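Asker: Following this line is entry_34.txt, made up of compact mmCIF, C-alpha atoms and all ligand atoms:
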```
# COMPACT_ATOMS: atom_id res chain seq x y z
CA MET H 1 29.11 46.78 132.67
CA LEU H 2 28.12 43.76 130.61
CA LEU H 3 30.15 43.29 127.41
CA PHE H 4 29.02 40.71 124.86
CA TYR H 5 30.11 39.67 121.39
CA ALA H 6 28.80 37.44 118.59
CA THR H 7 31.42 36.14 116.16
CA ARG H 8 32.18 33.40 113.68
CA ASP H 9 35.66 34.29 112.46
CA GLY H 10 36.97 36.10 115.54
CA GLN H 11 37.05 39.77 114.52
CA SER H 12 34.13 40.81 116.75
CA ARG H 13 35.80 38.98 119.65
CA ARG H 14 39.03 40.90 118.97
CA ILE H 15 37.12 44.19 118.84
CA ALA H 16 35.33 43.38 122.13
CA ALA H 17 38.67 42.45 123.75
CA TYR H 18 40.21 45.69 122.48
CA VAL H 19 37.33 47.73 123.93
CA ALA H 20 37.70 45.85 127.24
CA ALA H 21 41.42 46.72 127.33
CA ARG H 22 40.73 50.42 126.70
CA LEU H 23 38.02 50.42 129.39
CA ALA H 24 40.40 48.74 131.85
CA GLU H 25 42.76 51.70 131.33
CA ARG H 26 39.93 53.89 132.57
CA GLY H 27 39.39 51.63 135.57
CA ILE H 28 36.23 50.00 134.18
CA GLY H 29 36.09 46.22 134.42
CA ALA H 30 34.20 44.46 131.61
CA ALA H 31 35.13 40.92 130.63
CA PRO H 32 33.90 40.04 127.11
CA HIS H 33 31.39 37.17 126.94
CA ASP H 34 30.46 35.17 123.85
CA LEU H 35 26.69 35.33 123.28
CA ALA H 36 26.92 31.85 121.73
CA GLY H 37 27.63 30.55 125.24
CA GLY H 38 24.34 31.95 126.55
CA PHE H 39 23.47 35.24 128.19
CA PRO H 40 21.86 36.58 131.37
CA GLY H 41 18.17 37.07 131.86
CA PRO H 42 16.17 40.27 132.50
CA ALA H 43 17.22 40.59 136.19
CA GLU H 44 20.92 40.78 135.37
CA LEU H 45 20.27 43.09 132.40
CA ALA H 46 18.40 45.41 134.74
CA ALA H 47 21.12 45.32 137.41
CA ALA H 48 23.92 46.34 135.00
CA ARG H 49 24.92 49.94 134.41
CA LEU H 50 25.47 49.53 130.68
CA VAL H 51 25.12 46.65 128.20
CA VAL H 52 27.51 46.57 125.23
CA VAL H 53 26.98 44.20 122.28
CA VAL H 54 29.59 43.75 119.52
CA ALA H 55 27.95 41.64 116.82
CA ALA H 56 29.09 40.45 113.39
CA VAL H 57 26.95 40.49 110.25
CA ARG H 58 26.62 37.49 107.93
CA TYR H 59 24.52 37.57 104.81
CA GLY H 60 22.57 40.64 105.75
CA ARG H 61 21.84 39.93 109.40
CA HIS H 62 23.54 39.96 112.73
CA LEU H 63 24.43 36.48 113.97
CA PRO H 64 21.46 34.54 115.40
CA GLU H 65 22.73 34.63 118.99
CA ALA H 66 22.86 38.45 118.79
CA GLU H 67 19.33 38.58 117.38
CA ARG H 68 18.17 36.28 120.22
CA PHE H 69 19.89 38.50 122.73
CA PHE H 70 18.17 41.61 121.37
CA ALA H 71 14.81 39.87 121.65
CA THR H 72 15.51 39.05 125.32
CA TYR H 73 16.80 42.57 125.93
CA ARG H 74 13.73 44.07 124.36
CA ALA H 75 11.41 41.82 126.41
CA SER H 76 13.12 42.82 129.66
CA LEU H 77 11.32 45.25 131.91
CA ALA H 78 14.01 47.79 132.69
CA PRO H 79 17.27 46.72 131.04
CA ALA H 80 20.40 48.85 131.35
CA PRO H 81 21.09 51.24 128.45
CA LEU H 82 22.37 49.51 125.31
CA VAL H 83 25.46 50.17 123.18
CA PHE H 84 25.28 48.37 119.82
CA VAL H 85 28.47 47.87 117.81
CA SER H 86 27.89 46.14 114.46
CA VAL H 87 30.86 44.54 112.71
CA ASN H 88 30.58 44.20 108.93
CA LEU H 89 32.41 44.95 105.70
CA THR H 90 30.00 47.61 104.46
CA ALA H 91 31.25 49.84 107.29
CA ARG H 92 34.60 50.17 105.48
CA LYS H 93 32.91 52.75 103.24
CA PRO H 94 32.68 56.40 104.29
CA GLY H 95 29.37 57.26 105.94
CA LYS H 96 28.43 53.60 106.49
CA ASP H 97 29.50 53.50 110.12
CA THR H 98 26.44 55.24 111.58
CA GLU H 99 22.88 54.14 112.32
CA ALA H 100 21.63 56.34 109.49
CA GLY H 101 24.23 55.04 107.03
CA ASN H 102 24.45 51.37 107.91
CA GLN H 103 21.50 49.23 106.85
CA TYR H 104 22.34 46.33 109.21
CA LEU H 105 22.37 48.56 112.27
CA ARG H 106 19.21 50.32 111.14
CA LYS H 107 17.33 47.10 110.42
CA SER H 108 18.22 45.32 113.68
CA ILE H 109 17.35 48.42 115.70
CA ALA H 110 14.01 48.73 113.93
CA ARG H 111 13.24 44.98 114.05
CA HIS H 112 13.71 44.84 117.84
CA ARG H 113 12.53 48.41 118.48
CA LEU H 114 15.77 49.12 120.35
CA LYS H 115 16.76 52.53 121.65
CA PRO H 116 20.54 52.28 121.95
CA VAL H 117 22.36 55.14 123.62
CA LEU H 118 25.13 54.52 121.09
CA ALA H 119 24.95 52.61 117.79
CA VAL H 120 27.98 52.37 115.50
CA ALA H 121 29.31 50.09 112.80
CA VAL H 122 32.95 49.00 112.61
CA ALA H 123 34.65 47.56 109.55
CA GLY H 124 35.55 43.89 109.97
CA ARG H 125 38.02 41.58 108.32
CA LEU H 126 38.06 39.87 104.96
CA ASP H 127 39.84 36.51 104.90
CA TYR H 128 39.23 34.66 101.63
CA PRO H 129 41.61 31.72 102.27
CA HIS H 130 39.69 30.98 105.47
CA TYR H 131 36.24 30.82 103.82
CA GLY H 132 34.61 27.78 102.25
CA TRP H 133 34.33 27.75 98.46
CA LEU H 134 30.76 29.03 98.22
CA ASP H 135 31.16 31.82 100.79
CA ARG H 136 34.39 32.86 99.04
CA GLN H 137 32.68 33.11 95.64
CA ILE H 138 29.68 35.01 96.99
CA ILE H 139 31.79 37.48 98.95
CA ARG H 140 34.12 37.98 95.96
CA LEU H 141 31.06 38.84 93.89
CA ILE H 142 29.85 41.31 96.54
CA MET H 143 33.34 42.84 96.67
CA LYS H 144 33.44 43.09 92.89
CA LEU H 145 30.13 44.97 92.96
CA THR H 146 31.24 47.27 95.78
CA GLY H 147 34.81 47.95 94.66
CA GLY H 148 36.58 45.76 97.25
CA PRO H 149 39.41 43.20 96.92
CA THR H 150 38.59 40.08 94.89
CA ASP H 151 41.93 38.22 94.91
CA PRO H 152 41.01 34.87 96.53
CA GLN H 153 44.35 34.86 98.36
CA SER H 154 43.77 38.19 100.05
CA CYS H 155 43.23 38.73 103.73
CA VAL H 156 42.51 42.33 104.70
CA GLU H 157 41.75 43.78 108.09
CA PHE H 158 39.55 46.84 107.48
CA THR H 159 39.07 47.55 111.18
CA VAL H 160 40.30 51.04 112.01
CA TRP H 161 41.57 50.58 115.55
CA LYS H 162 41.72 54.32 116.15
CA ALA H 163 37.98 54.42 115.51
CA VAL H 164 37.53 51.61 118.04
CA ASP H 165 39.52 53.72 120.54
CA GLY H 166 36.97 56.48 120.02
CA ILE H 167 34.08 54.05 120.58
CA ALA H 168 35.72 52.77 123.78
CA TRP H 169 36.05 56.34 125.12
CA ARG H 170 32.41 57.04 124.36
CA ILE H 171 31.44 53.81 126.16
CA ALA H 172 33.57 54.84 129.16
CA ASP H 173 31.83 58.23 129.26
CA LEU H 174 28.39 56.57 129.05
CA HIS H 175 29.35 54.26 131.90
CA GLY H 176 30.45 57.23 133.98
C1 LIG K 201 29.76 34.15 105.05
C2 LIG K 201 29.95 35.62 105.29
C3 LIG K 201 28.91 36.50 105.03
C4 LIG K 201 29.07 37.90 105.22
N1 LIG K 201 28.02 38.73 104.93
C5 LIG K 201 28.21 40.08 105.05
C6 LIG K 201 27.16 40.98 104.69
O1 LIG K 201 26.06 40.60 104.34
N2 LIG K 201 27.44 42.31 104.77
C7 LIG K 201 28.65 42.80 105.20
O2 LIG K 201 28.83 44.02 105.23
N3 LIG K 201 29.65 41.97 105.57
C8 LIG K 201 29.45 40.62 105.50
N4 LIG K 201 30.46 39.75 105.86
C9 LIG K 201 31.69 40.30 106.43
C10 LIG K 201 31.77 40.07 107.93
O3 LIG K 201 30.81 40.86 108.60
C11 LIG K 201 33.19 40.41 108.41
O4 LIG K 201 34.07 39.49 107.83
C12 LIG K 201 33.34 40.39 109.92
O5 LIG K 201 34.66 40.77 110.24
C13 LIG K 201 33.01 39.03 110.48
O6 LIG K 201 33.04 39.12 111.88
P1 LIG K 201 33.57 37.91 112.78
O7 LIG K 201 35.04 37.70 112.40
O8 LIG K 201 33.42 38.41 114.17
O9 LIG K 201 32.74 36.70 112.49
C14 LIG K 201 30.31 38.38 105.69
C15 LIG K 201 31.36 37.48 105.97
C16 LIG K 201 31.18 36.12 105.78
C17 LIG K 201 32.31 35.19 106.08
```
Translate the structure described by the file into structure tokens.
Answerer:
Amino acid sequence: MLLFYATRDGQSRRIAAYVAARLAERGIGAAPHDLAGGFPGPAELAAARLVVVVAAVRYGRHLPEAERFFATYRASLAPAPLVFVSVNLTARKPGKDTEAGNQYLRKSIARHRLKPVLAVAVAGRLDYPHYGWLDRQIIRLIMKLTGGPTDPQSCVEFTVWKAVDGIAWRIADLHG
């Protein structure tokens, strides 16, 4: 299994590491790799049994290295089946964790004409003190509009780890 992540603030890396730990309990080895450090070409994607991508959203899109990866994946002749896990804050809302309910998942899948065997969105982490001034103001405004926390001191992990357990089990079953 190939397990990749794309992150800026670390939450997608933590989610990928958590999935890897759950898979290890099922005897499946999958070391998480940062897509920013490069990724394998079509031959390796074809040789794998399953390809898992955990990618963060920033300003409406998955990180550029994830988008580049999907383009390579799509251009490959016979890549292994794809599992797409999107990490964003919209997914904290009920019904926004599925392909049908999450616009980022839906748009990336459509843009690259992907056919993932599993596509889910996971709620990420909000960390105002860590953000630069402009990002902080913009995200506070988005949170104000969507009923989220706006206190500039707040740091909230919305990730529901039990849900990530469920995703890891589904990945293990897909791997077989
Ligand atoms: C600059 C910035 C832009 C973001 N844009 C979005 C967005 O458009 N939609 C969304 O749902 N979440 C957005 N988020 C929330 C991130 O997806 C969330 O914080 C996630 O946990 C980040 O993943 P990472 O820690 O792996 O980088 C944004 C976060 C930051 C810091």
Asker: Which residues form the shell of 9 Å around ligand LIG 201 (chain K) when you count only C-alpha atoms and all ligand atoms, given as an NGL selection string?
Answerer: :H and (5-15 or 54-63 or 86-92 or 102 or 104 or 122-128 or 130-132 or 134-136 or 138-139 or 142 or 157-159)
Asker: What is the distance, in Å and to one decimal place, between atom CA of H:Ala78 and atom CA of H:Pro42?
Answerer: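 About the pair atom CA of H:Ala78 and atom CA of H:Pro42: they are 7.8 Å apart.
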Asker: Nearest to H:Ala47: which of H:Ser76, H:Ser108, H:Trp169, H:Gly27 is it, counting all atoms listed in the file?
Answerer: H:Ser76
Asker: Between atom CA of H:Lys107 and atom CA of H:Ala30, what is the distance, to one decimal in Å?
Answerer: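 Straight-line distance from atom CA of H:Lys107 to atom CA of H:Ala30 works out to 27.2 Å.
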Asker: Given all atoms listed in the file as the basis, pick out the residue of H:Arg111, H:His175, H:Lys162, H:His33 nearest to H:Leu82.
Answerer: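 Checking each of H:Arg111, H:His175, H:Lys162, H:His33 against H:Leu82, counting all atoms listed in the file, the winner is H:His175.
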Asker: Name the closest residue to H:Ala100 among the candidates H:Val120, H:Thr150, H:Ala172, H:Phe4; distances are taken between atoms, counting all atoms listed in the file.
Answerer: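 Nearest to H:Ala100: H:Val120.
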Asker: Taking the structure I provided as the source, export stretch 108-132 of chain H with N, CA and C atoms, as a PDB file, in the first residue's frame.
Answerer:
```pdb
ATOM      1  N   SER H 108     -12.344  18.178  -6.747  1.00  0.00           N
ATOM      2  CA  SER H 108     -11.061  17.553  -7.125  1.00  0.00           C
ATOM      3  C   SER H 108     -11.309  16.264  -7.901  1.00  0.00           C
ATOM      4  N   ILE H 109     -12.300  15.498  -7.472  1.00  0.00           N
ATOM      5  CA  ILE H 109     -12.614  14.246  -8.164  1.00  0.00           C
ATOM      6  C   ILE H 109     -13.069  14.532  -9.591  1.00  0.00           C
ATOM      7  N   ALA H 110     -13.899  15.564  -9.738  1.00  0.00           N
ATOM      8  CA  ALA H 110     -14.386  15.915 -11.075  1.00  0.00           C
ATOM      9  C   ALA H 110     -13.249  16.483 -11.931  1.00  0.00           C
ATOM     10  N   ARG H 111     -12.445  17.380 -11.337  1.00  0.00           N
ATOM     11  CA  ARG H 111     -11.376  18.050 -12.100  1.00  0.00           C
ATOM     12  C   ARG H 111     -10.414  17.028 -12.696  1.00  0.00           C
ATOM     13  N   HIS H 112     -10.076  15.995 -11.905  1.00  0.00           N
ATOM     14  CA  HIS H 112      -9.097  14.998 -12.370  1.00  0.00           C
ATOM     15  C   HIS H 112      -9.765  13.740 -12.908  1.00  0.00           C
ATOM     16  N   ARG H 113     -11.090  13.757 -12.948  1.00  0.00           N
ATOM     17  CA  ARG H 113     -11.846  12.581 -13.417  1.00  0.00           C
ATOM     18  C   ARG H 113     -11.380  11.307 -12.710  1.00  0.00           C
ATOM     19  N   LEU H 114     -11.310  11.407 -11.379  1.00  0.00           N
ATOM     20  CA  LEU H 114     -10.872  10.269 -10.562  1.00  0.00           C
ATOM     21  C   LEU H 114     -12.052   9.346 -10.310  1.00  0.00           C
ATOM     22  N   LYS H 115     -11.728   8.098 -10.000  1.00  0.00           N
ATOM     23  CA  LYS H 115     -12.780   7.136  -9.615  1.00  0.00           C
ATOM     24  C   LYS H 115     -12.351   6.447  -8.329  1.00  0.00           C
ATOM     25  N   PRO H 116     -12.285   7.202  -7.232  1.00  0.00           N
ATOM     26  CA  PRO H 116     -11.800   6.589  -5.991  1.00  0.00           C
ATOM     27  C   PRO H 116     -12.721   5.473  -5.511  1.00  0.00           C
ATOM     28  N   VAL H 117     -12.114   4.443  -4.919  1.00  0.00           N
ATOM     29  CA  VAL H 117     -12.926   3.368  -4.345  1.00  0.00           C
ATOM     30  C   VAL H 117     -13.489   3.820  -2.995  1.00  0.00           C
ATOM     31  N   LEU H 118     -12.857   4.850  -2.421  1.00  0.00           N
ATOM     32  CA  LEU H 118     -13.363   5.443  -1.184  1.00  0.00           C
ATOM     33  C   LEU H 118     -12.968   6.918  -1.172  1.00  0.00           C
ATOM     34  N   ALA H 119     -13.940   7.797  -0.938  1.00  0.00           N
ATOM     35  CA  ALA H 119     -13.658   9.238  -0.851  1.00  0.00           C
ATOM     36  C   ALA H 119     -14.388   9.777   0.374  1.00  0.00           C
ATOM     37  N   VAL H 120     -13.631  10.331   1.313  1.00  0.00           N
ATOM     38  CA  VAL H 120     -14.237  10.862   2.539  1.00  0.00           C
ATOM     39  C   VAL H 120     -13.541  12.159   2.924  1.00  0.00           C
ATOM     40  N   ALA H 121     -14.260  12.982   3.665  1.00  0.00           N
ATOM     41  CA  ALA H 121     -13.659  14.198   4.208  1.00  0.00           C
ATOM     42  C   ALA H 121     -13.600  14.075   5.726  1.00  0.00           C
ATOM     43  N   VAL H 122     -12.507  14.578   6.290  1.00  0.00           N
ATOM     44  CA  VAL H 122     -12.283  14.532   7.738  1.00  0.00           C
ATOM     45  C   VAL H 122     -12.079  15.967   8.215  1.00  0.00           C
ATOM     46  N   ALA H 123     -12.679  16.287   9.351  1.00  0.00           N
ATOM     47  CA  ALA H 123     -12.519  17.634   9.898  1.00  0.00           C
ATOM     48  C   ALA H 123     -11.083  17.829  10.391  1.00  0.00           C
ATOM     49  N   GLY H 124     -10.536  18.987  10.100  1.00  0.00           N
ATOM     50  CA  GLY H 124      -9.149  19.289  10.461  1.00  0.00           C
ATOM     51  C   GLY H 124      -9.038  20.039  11.771  1.00  0.00           C
ATOM     52  N   ARG H 125      -8.090  20.957  11.816  1.00  0.00           N
ATOM     53  CA  ARG H 125      -7.769  21.653  13.051  1.00  0.00           C
ATOM     54  C   ARG H 125      -7.720  23.159  12.773  1.00  0.00           C
ATOM     55  N   LEU H 126      -8.225  23.890  13.716  1.00  0.00           N
ATOM     56  CA  LEU H 126      -8.219  25.354  13.622  1.00  0.00           C
ATOM     57  C   LEU H 126      -7.224  25.854  14.659  1.00  0.00           C
ATOM     58  N   ASP H 127      -6.281  26.687  14.233  1.00  0.00           N
ATOM     59  CA  ASP H 127      -5.222  27.101  15.159  1.00  0.00           C
ATOM     60  C   ASP H 127      -4.885  28.574  14.916  1.00  0.00           C
ATOM     61  N   TYR H 128      -5.784  29.455  15.349  1.00  0.00           N
ATOM     62  CA  TYR H 128      -5.618  30.892  15.070  1.00  0.00           C
ATOM     63  C   TYR H 128      -4.245  31.447  15.473  1.00  0.00           C
ATOM     64  N   PRO H 129      -3.752  31.151  16.690  1.00  0.00           N
ATOM     65  CA  PRO H 129      -2.475  31.762  17.092  1.00  0.00           C
ATOM     66  C   PRO H 129      -1.334  31.428  16.131  1.00  0.00           C
ATOM     67  N   HIS H 130      -1.451  30.304  15.446  1.00  0.00           N
ATOM     68  CA  HIS H 130      -0.404  29.828  14.556  1.00  0.00           C
ATOM     69  C   HIS H 130      -0.436  30.540  13.187  1.00  0.00           C
ATOM     70  N   TYR H 131      -1.592  31.092  12.819  1.00  0.00           N
ATOM     71  CA  TYR H 131      -1.746  31.672  11.481  1.00  0.00           C
ATOM     72  C   TYR H 131      -1.171  33.085  11.412  1.00  0.00           C
ATOM     73  N   GLY H 132      -0.784  33.491  10.216  1.00  0.00           N
ATOM     74  CA  GLY H 132      -0.392  34.878   9.990  1.00  0.00           C
ATOM     75  C   GLY H 132      -1.630  35.773  10.084  1.00  0.00           C
TER      76      GLY H 132
END
```
